[in-house]
Amino acid sequence: MGTTNIERLSTGIKGFDKLISGGIPRGFFVAVVGEPGTGKTIFSLHYSWQGVKENDKVIYVTTEESRESIIRQGKMFDMSLDEAVDNNKMVIIDALMKSVNDEWTLNETDIDELIRKIIDAKKKLGYGRARLVIDSMSTFWLDKPAMARKYSYSVKRILYKWNFTALLVSQYAITTSSAFGWGVEHVADGIIRFGRRISDGELKRYVLVEKMRQTPHDLRIHFIEIQHGIGMKITEGTNLRKEDIALPEKVKEHMRNNIKIDGEYKP
């Protein structure tokens, strides 16, 4: 199938769109996966802000940071998300700081309530091309990982009708580089994998496009840079293999033996 007639949405990240033939195909639900601290949220912020600049309707669901924290992060990269909210171009749904007096608070991490709230936000923003970020989906099945695939399917099946092109973030464990319940990947139209490795004592982040339907895409690992005032930049591709980017076993063992539980480090 050719790609010339496919409408693609820019991620707003320098060097990334060319990896996926110009952008994410409209209507796709893309899994953004990886361990904490690898750049998933910053990637999602770029995607959202690009939508604001292109006059798309933008909905951002945050489950692990407050709305205020997301807005502050945006300001670090010259993104005025608060102005976008005030101008009815964007809705940030806060699933962390629960408040009965806040219209855009998700008071229960329930997948049906999530879907209802997103639809309400889309109705408020109005008709037109829309971008959705759920950061992260993992929150909804941490205590029931067997439901991950069912929940992911429900989100895609229902919200696809509402003209969304969506990023569904999924957290991976640091020690295993695996998901907390396989779900998003099975239903996703694309998979963008973020990770990190330690090289010569330095932490380096990378991105790999593992899947993108209807799209000739780059198959190489690309290191990324995150700069204050600018945000994420993609470097040239590397020839690294999967085993080259895995955390060393000694580092994994140290992490497993120093897990912080209830404020204390316990083996």
# chains A, B, ... in the order shown; residues from 1 in each chain; ligands from 1

$ residues_around --residues "stretch 165-172 of chain A" --least-positions-apart "4" --cutoff "7 Å" --atoms "only C-alpha atoms" --output "number ranges by chain"
A: 26-36, 130-138, 177-180

$ select_by_dssp --residues "stretch 27-248 of chain A" --states "helix (DSSP H, G or I)" --output "ChimeraX atom specification"
/A:40-53,67-76,81-86,111-125,137-141,145-162,184-187,242-244

$ residues_around --residues "A:Ile224" --least-positions-apart "5" --cutoff "6 Å" --atoms "only C-alpha atoms" --output "PyMOL selection string"
chain A and resi 205-206+233-235

$ atom_distance --atom1 "atom CA of A:Leu96" --atom2 "atom CA of A:Arg67"
8.3 Å

$ residues_around --residues "stretch 107-113 of chain A" --least-positions-apart "2" --cutoff "6 Å" --atoms "only C-alpha atoms" --output "PyMOL selection string"
chain A and resi 98+105+115-116+140

$ write_last_selection --atoms "C-alpha atoms" --output "PDB file, in the first residue's frame"
ATOM      1  CA  LYS A  98      -8.281  13.780  42.786  1.00  0.00           C
ATOM      2  CA  THR A 105     -10.230  15.135  37.493  1.00  0.00           C
ATOM      3  CA  ILE A 115     -13.335   6.741  28.412  1.00  0.00           C
ATOM      4  CA  ARG A 116     -16.357   8.808  29.507  1.00  0.00           C
ATOM      5  CA  PHE A 140      -5.290   1.134  35.037  1.00  0.00           C
TER       6      PHE A 140
END

$ closest_residue --among "A:Arg149, A:Arg72, A:Lys53, A:Lys161" --to "A:Lys122" --atoms "only C-alpha atoms"
A:Lys161

$ residues_around --residues "stretch 10-19 of chain A" --least-positions-apart "5" --cutoff "7 Å" --atoms "only C-alpha atoms" --output "list in words"
Ile24, His46, Tyr47, Gln50, His217, Asp218, Met232, Lys233 and Ile234 of chain A

$ write_last_selection --atoms "C-alpha atoms" --output "compact mmCIF listing (two decimals), in the first residue's frame"
# COMPACT_ATOMS: atom_id res chain seq x y z
CA ILE A 24 1.96 9.25 12.60
CA HIS A 46 5.92 17.49 22.03
CA TYR A 47 3.16 15.60 20.25
CA GLN A 50 2.41 20.30 17.99
CA HIS A 217 10.03 3.22 8.96
CA ASP A 218 13.59 3.35 10.21
CA MET A 232 13.86 16.20 22.56
CA LYS A 233 16.18 15.83 19.58
CA ILE A 234 16.93 12.65 17.63

$ select_by_dssp --residues "stretch 121-255 of chain A" --states "strand (DSSP E or B)" --output "PyMOL selection string"
chain A and resi 130-135+164-172+179+190-199+202-212+222-227+231-237

$ write_last_selection --atoms "N, CA and C atoms" --output "compact mmCIF listing (two decimals), in the first residue's frame"
# COMPACT_ATOMS: atom_id res chain seq x y z
N ALA A 130 -8.31 15.41 16.23
CA ALA A 130 -7.98 15.43 17.65
C ALA A 130 -6.79 14.54 17.97
N ARG A 131 -6.02 14.97 18.95
CA ARG A 131 -4.90 14.19 19.47
C ARG A 131 -5.18 13.81 20.92
N LEU A 132 -4.84 12.57 21.25
CA LEU A 132 -5.05 12.07 22.61
C LEU A 132 -3.76 11.45 23.12
N VAL A 133 -3.43 11.77 24.38
CA VAL A 133 -2.33 11.11 25.08
C VAL A 133 -2.88 10.55 26.39
N ILE A 134 -2.59 9.28 26.67
CA ILE A 134 -2.89 8.69 27.98
C ILE A 134 -1.55 8.27 28.57
N ASP A 135 -1.12 8.99 29.60
CA ASP A 135 0.20 8.79 30.19
C ASP A 135 0.06 8.55 31.70
N PHE A 164 -9.71 10.48 16.98
CA PHE A 164 -8.45 10.64 17.70
C PHE A 164 -7.29 9.98 16.97
N THR A 165 -6.13 10.59 17.07
CA THR A 165 -4.86 9.92 16.81
C THR A 165 -4.15 9.93 18.16
N ALA A 166 -3.89 8.74 18.70
CA ALA A 166 -3.57 8.63 20.12
C ALA A 166 -2.19 8.04 20.40
N LEU A 167 -1.59 8.52 21.48
CA LEU A 167 -0.41 7.91 22.06
C LEU A 167 -0.83 7.26 23.38
N LEU A 168 -0.64 5.95 23.49
CA LEU A 168 -0.96 5.21 24.71
C LEU A 168 0.35 4.79 25.35
N VAL A 169 0.69 5.44 26.45
CA VAL A 169 1.97 5.20 27.11
C VAL A 169 1.86 3.97 28.01
N SER A 170 2.89 3.14 27.98
CA SER A 170 2.93 1.95 28.83
C SER A 170 4.28 1.87 29.51
N GLN A 171 4.27 1.71 30.83
CA GLN A 171 5.50 1.65 31.59
C GLN A 171 6.09 0.24 31.57
N TYR A 172 7.41 0.18 31.42
CA TYR A 172 8.14 -1.08 31.53
C TYR A 172 8.93 -1.08 32.84
N ALA A 179 6.79 -5.16 30.14
CA ALA A 179 5.58 -4.44 30.52
C ALA A 179 4.94 -5.04 31.76
N GLY A 190 1.01 1.09 16.06
CA GLY A 190 2.45 1.34 16.03
C GLY A 190 3.03 1.18 17.42
N ILE A 191 4.33 0.90 17.50
CA ILE A 191 5.01 0.78 18.79
C ILE A 191 6.30 1.59 18.71
N ILE A 192 6.42 2.57 19.60
CA ILE A 192 7.64 3.38 19.71
C ILE A 192 8.26 3.06 21.05
N ARG A 193 9.45 2.50 21.02
CA ARG A 193 10.10 2.00 22.22
C ARG A 193 11.21 2.95 22.68
N PHE A 194 11.12 3.42 23.94
CA PHE A 194 12.16 4.22 24.55
C PHE A 194 12.92 3.36 25.55
N GLY A 195 14.21 3.63 25.68
CA GLY A 195 15.02 2.87 26.62
C GLY A 195 16.25 3.64 27.02
N ARG A 196 17.10 2.98 27.77
CA ARG A 196 18.34 3.62 28.20
C ARG A 196 19.41 2.57 28.41
N ARG A 197 20.64 3.00 28.31
CA ARG A 197 21.77 2.12 28.56
C ARG A 197 22.84 2.93 29.26
N ILE A 198 23.76 2.25 29.90
CA ILE A 198 24.89 2.91 30.55
C ILE A 198 26.14 2.60 29.74
N SER A 199 26.80 3.64 29.27
CA SER A 199 28.01 3.48 28.46
C SER A 199 29.11 4.34 29.06
N GLU A 202 28.03 6.64 31.74
CA GLU A 202 27.08 7.70 31.38
C GLU A 202 25.75 7.10 30.93
N LEU A 203 24.65 7.66 31.43
CA LEU A 203 23.32 7.22 31.03
C LEU A 203 22.97 7.81 29.67
N LYS A 204 22.57 6.95 28.73
CA LYS A 204 22.16 7.41 27.41
C LYS A 204 20.78 6.87 27.10
N ARG A 205 19.93 7.76 26.57
CA ARG A 205 18.57 7.37 26.21
C ARG A 205 18.50 7.11 24.70
N TYR A 206 17.58 6.23 24.31
CA TYR A 206 17.44 5.92 22.90
C TYR A 206 15.97 5.67 22.55
N VAL A 207 15.69 5.68 21.25
CA VAL A 207 14.34 5.38 20.77
C VAL A 207 14.45 4.43 19.58
N LEU A 208 13.46 3.56 19.45
CA LEU A 208 13.41 2.59 18.36
C LEU A 208 11.95 2.45 17.91
N VAL A 209 11.69 2.63 16.62
CA VAL A 209 10.35 2.40 16.09
C VAL A 209 10.23 0.91 15.79
N GLU A 210 9.50 0.20 16.63
CA GLU A 210 9.38 -1.25 16.48
C GLU A 210 8.29 -1.65 15.49
N LYS A 211 7.30 -0.75 15.32
CA LYS A 211 6.18 -1.09 14.44
C LYS A 211 5.46 0.20 14.06
N MET A 212 5.05 0.31 12.79
CA MET A 212 4.18 1.39 12.36
C MET A 212 3.48 0.92 11.08
N HIS A 222 18.12 4.92 17.66
CA HIS A 222 18.61 6.31 17.63
C HIS A 222 18.74 6.82 19.06
N PHE A 223 19.90 7.34 19.40
CA PHE A 223 20.04 8.00 20.69
C PHE A 223 19.31 9.33 20.66
N ILE A 224 18.84 9.77 21.81
CA ILE A 224 18.11 11.03 21.90
C ILE A 224 18.80 11.98 22.87
N GLU A 225 18.59 13.26 22.65
CA GLU A 225 19.06 14.29 23.55
C GLU A 225 17.87 15.09 24.05
N ILE A 226 17.89 15.46 25.32
CA ILE A 226 16.83 16.30 25.89
C ILE A 226 17.49 17.56 26.43
N GLN A 227 17.16 18.70 25.81
CA GLN A 227 17.81 19.96 26.15
C GLN A 227 16.80 20.95 26.72
N GLY A 231 13.88 20.73 24.26
CA GLY A 231 13.17 19.47 24.35
C GLY A 231 13.95 18.33 23.73
N MET A 232 13.25 17.43 23.07
CA MET A 232 13.86 16.20 22.56
C MET A 232 14.38 16.39 21.14
N LYS A 233 15.58 15.85 20.91
CA LYS A 233 16.18 15.83 19.58
C LYS A 233 16.65 14.41 19.29
N ILE A 234 16.54 13.99 18.04
CA ILE A 234 16.93 12.65 17.63
C ILE A 234 18.28 12.72 16.93
N THR A 235 19.19 11.84 17.31
CA THR A 235 20.50 11.81 16.68
C THR A 235 20.50 10.79 15.53
N GLU A 236 21.62 10.66 14.87
CA GLU A 236 21.74 9.70 13.78
C GLU A 236 21.58 8.28 14.29
N GLY A 237 21.14 7.38 13.40
CA GLY A 237 20.94 5.99 13.79
C GLY A 237 22.24 5.29 14.10

$ atom_distance --atom1 "atom CA of A:Thr38" --atom2 "atom CA of A:Lys57"
26.5 Å

$ atom_distance --atom1 "atom CA of A:Ala84" --atom2 "atom CA of A:Ala188"
27.9 Å

$ closest_residue --among "A:Lys117, A:Lys123, A:Lys89, A:Arg157" --to "A:Val58" --atoms "only C-alpha atoms"
A:Lys89

$ closest_residue --among "A:Ile20, A:Leu45, A:Val91, A:Met76" --to "A:His228" --atoms "only C-alpha atoms"
A:Met76

$ closest_residue --among "A:Pro216, A:Gly229, A:Gly126, A:Gly51" --to "A:Ser21" --atoms "only C-alpha atoms"
A:Pro216

$ closest_residue --among "A:Asn5, A:Thr215, A:Thr238, A:Ser152" --to "A:Val187" --atoms "only C-alpha atoms"
A:Ser152
